[in-house]
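Below is one structure, written out as structure tokens, with a few remarks after it.
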Amino acid sequence: MYESNIYIKNYATIKKYAGDIGVQLDKFDNDHKLKHNALLRAQYKHWRSIQTGVPELLSVEDKRLLGLL
């Protein structure tokens, strides 16, 4: 699932950042000079929601981007 997603590939690094998932992704983007990518972020949150069993990680906008609505 989402094999080429940079956030999933760097999960170990991202989880070390303090803050909620959005803050962690912002910090990762800033450290790696990446532009905000809503689709990649939605994929990462979806992957995390499956890993953790917490579907609330996905916002309505995330679900819309992924075609889950």
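Just so we're on the same page: first chain in the structure tokens is A, next is B, and so on; residues restart at 1 for each chain, and ligands are numbered from 1 in the order they show up.
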Task: Nearby residues (only C-alpha atoms) at most 12 Å from Lys27 in chain A, same-chain spacing under 2 positions excluded, as a ChimeraX atom specification - done: /A:7,13-25,29-36
Got time to write the residues from that selection, N, CA and C atoms, as a PDB file, in the first residue's frame?
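File written: again-v3.pdb
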```pdb
ATOM      1  N   TYR A   7       6.687   9.572   3.061  1.00  0.00           N
ATOM      2  CA  TYR A   7       6.409   9.614   4.495  1.00  0.00           C
ATOM      3  C   TYR A   7       6.421   8.208   5.095  1.00  0.00           C
ATOM      4  N   THR A  13      11.724   8.110  11.144  1.00  0.00           N
ATOM      5  CA  THR A  13      12.172   9.487  11.373  1.00  0.00           C
ATOM      6  C   THR A  13      11.015  10.365  11.799  1.00  0.00           C
ATOM      7  N   ILE A  14       9.895  10.246  11.109  1.00  0.00           N
ATOM      8  CA  ILE A  14       8.731  11.100  11.377  1.00  0.00           C
ATOM      9  C   ILE A  14       8.194  10.879  12.782  1.00  0.00           C
ATOM     10  N   LYS A  15       8.143   9.636  13.230  1.00  0.00           N
ATOM     11  CA  LYS A  15       7.566   9.365  14.555  1.00  0.00           C
ATOM     12  C   LYS A  15       8.415   9.939  15.691  1.00  0.00           C
ATOM     13  N   LYS A  16       9.660  10.304  15.402  1.00  0.00           N
ATOM     14  CA  LYS A  16      10.528  10.894  16.432  1.00  0.00           C
ATOM     15  C   LYS A  16      10.206  12.365  16.694  1.00  0.00           C
ATOM     16  N   TYR A  17       9.542  13.017  15.746  1.00  0.00           N
ATOM     17  CA  TYR A  17       9.180  14.425  15.928  1.00  0.00           C
ATOM     18  C   TYR A  17       8.065  14.552  16.959  1.00  0.00           C
ATOM     19  N   ALA A  18       8.131  15.606  17.756  1.00  0.00           N
ATOM     20  CA  ALA A  18       7.084  15.876  18.737  1.00  0.00           C
ATOM     21  C   ALA A  18       5.869  16.462  18.028  1.00  0.00           C
ATOM     22  N   GLY A  19       4.719  16.303  18.646  1.00  0.00           N
ATOM     23  CA  GLY A  19       3.503  16.897  18.116  1.00  0.00           C
ATOM     24  C   GLY A  19       2.582  15.875  17.482  1.00  0.00           C
ATOM     25  N   ASP A  20       1.437  16.384  17.003  1.00  0.00           N
ATOM     26  CA  ASP A  20       0.488  15.489  16.352  1.00  0.00           C
ATOM     27  C   ASP A  20       0.980  15.157  14.944  1.00  0.00           C
ATOM     28  N   ILE A  21       0.235  14.345  14.246  1.00  0.00           N
ATOM     29  CA  ILE A  21       0.679  13.848  12.949  1.00  0.00           C
ATOM     30  C   ILE A  21       0.918  14.977  11.942  1.00  0.00           C
ATOM     31  N   GLY A  22       0.090  15.998  11.962  1.00  0.00           N
ATOM     32  CA  GLY A  22       0.270  17.134  11.058  1.00  0.00           C
ATOM     33  C   GLY A  22       1.540  17.906  11.360  1.00  0.00           C
ATOM     34  N   VAL A  23       1.811  18.115  12.634  1.00  0.00           N
ATOM     35  CA  VAL A  23       3.035  18.818  13.050  1.00  0.00           C
ATOM     36  C   VAL A  23       4.259  17.990  12.679  1.00  0.00           C
ATOM     37  N   GLN A  24       4.190  16.688  12.894  1.00  0.00           N
ATOM     38  CA  GLN A  24       5.306  15.818  12.540  1.00  0.00           C
ATOM     39  C   GLN A  24       5.614  15.904  11.044  1.00  0.00           C
ATOM     40  N   LEU A  25       4.568  15.876  10.225  1.00  0.00           N
ATOM     41  CA  LEU A  25       4.770  15.951   8.779  1.00  0.00           C
ATOM     42  C   LEU A  25       5.300  17.322   8.364  1.00  0.00           C
ATOM     43  N   ASP A  29       8.771  17.876   6.413  1.00  0.00           N
ATOM     44  CA  ASP A  29       8.824  18.672   5.175  1.00  0.00           C
ATOM     45  C   ASP A  29       9.845  19.794   5.292  1.00  0.00           C
ATOM     46  N   ASN A  30       9.816  20.509   6.383  1.00  0.00           N
ATOM     47  CA  ASN A  30      10.744  21.618   6.581  1.00  0.00           C
ATOM     48  C   ASN A  30      12.194  21.137   6.606  1.00  0.00           C
ATOM     49  N   ASP A  31      12.454  20.073   7.324  1.00  0.00           N
ATOM     50  CA  ASP A  31      13.823  19.551   7.425  1.00  0.00           C
ATOM     51  C   ASP A  31      14.361  19.050   6.084  1.00  0.00           C
ATOM     52  N   HIS A  32      13.460  18.591   5.216  1.00  0.00           N
ATOM     53  CA  HIS A  32      13.879  18.017   3.935  1.00  0.00           C
ATOM     54  C   HIS A  32      13.517  18.912   2.745  1.00  0.00           C
ATOM     55  N   LYS A  33      13.106  20.136   3.066  1.00  0.00           N
ATOM     56  CA  LYS A  33      12.794  21.136   2.023  1.00  0.00           C
ATOM     57  C   LYS A  33      11.768  20.623   1.017  1.00  0.00           C
ATOM     58  N   LEU A  34      10.719  19.950   1.530  1.00  0.00           N
ATOM     59  CA  LEU A  34       9.654  19.417   0.684  1.00  0.00           C
ATOM     60  C   LEU A  34       8.459  20.359   0.687  1.00  0.00           C
ATOM     61  N   LYS A  35       7.767  20.425  -0.432  1.00  0.00           N
ATOM     62  CA  LYS A  35       6.533  21.204  -0.513  1.00  0.00           C
ATOM     63  C   LYS A  35       5.392  20.379   0.066  1.00  0.00           C
ATOM     64  N   HIS A  36       4.387  21.076   0.595  1.00  0.00           N
ATOM     65  CA  HIS A  36       3.197  20.418   1.141  1.00  0.00           C
ATOM     66  C   HIS A  36       2.524  19.607   0.035  1.00  0.00           C
TER      67      HIS A  36
END
```
Task: alpha helix (DSSP H) per DSSP on the backbone: members of range 2-48 of chain A, as a count of residues only - done: 30
Open item on the list: Need to verify the contact set: range 56-64 of chain A, 8 Å, only C-alpha atoms, exclusion of same-chain residues closer than 2 positions in sequence. Can you return it as a count of residues only?
Closed with: 13
Task: CA of Gly53 in chain A to CA of Asn37 in chain A, straight-line distance in Å - done: 23.7 Å
Open item on the list: I want to know what sits within 10 Å of Ile6 in chain A, based on only C-alpha atoms, with residues of the same chain fewer than 6 positions away left out; could you give that as a list of chain:residue names?
Closed with: A:Leu40, A:Arg41, A:Tyr44
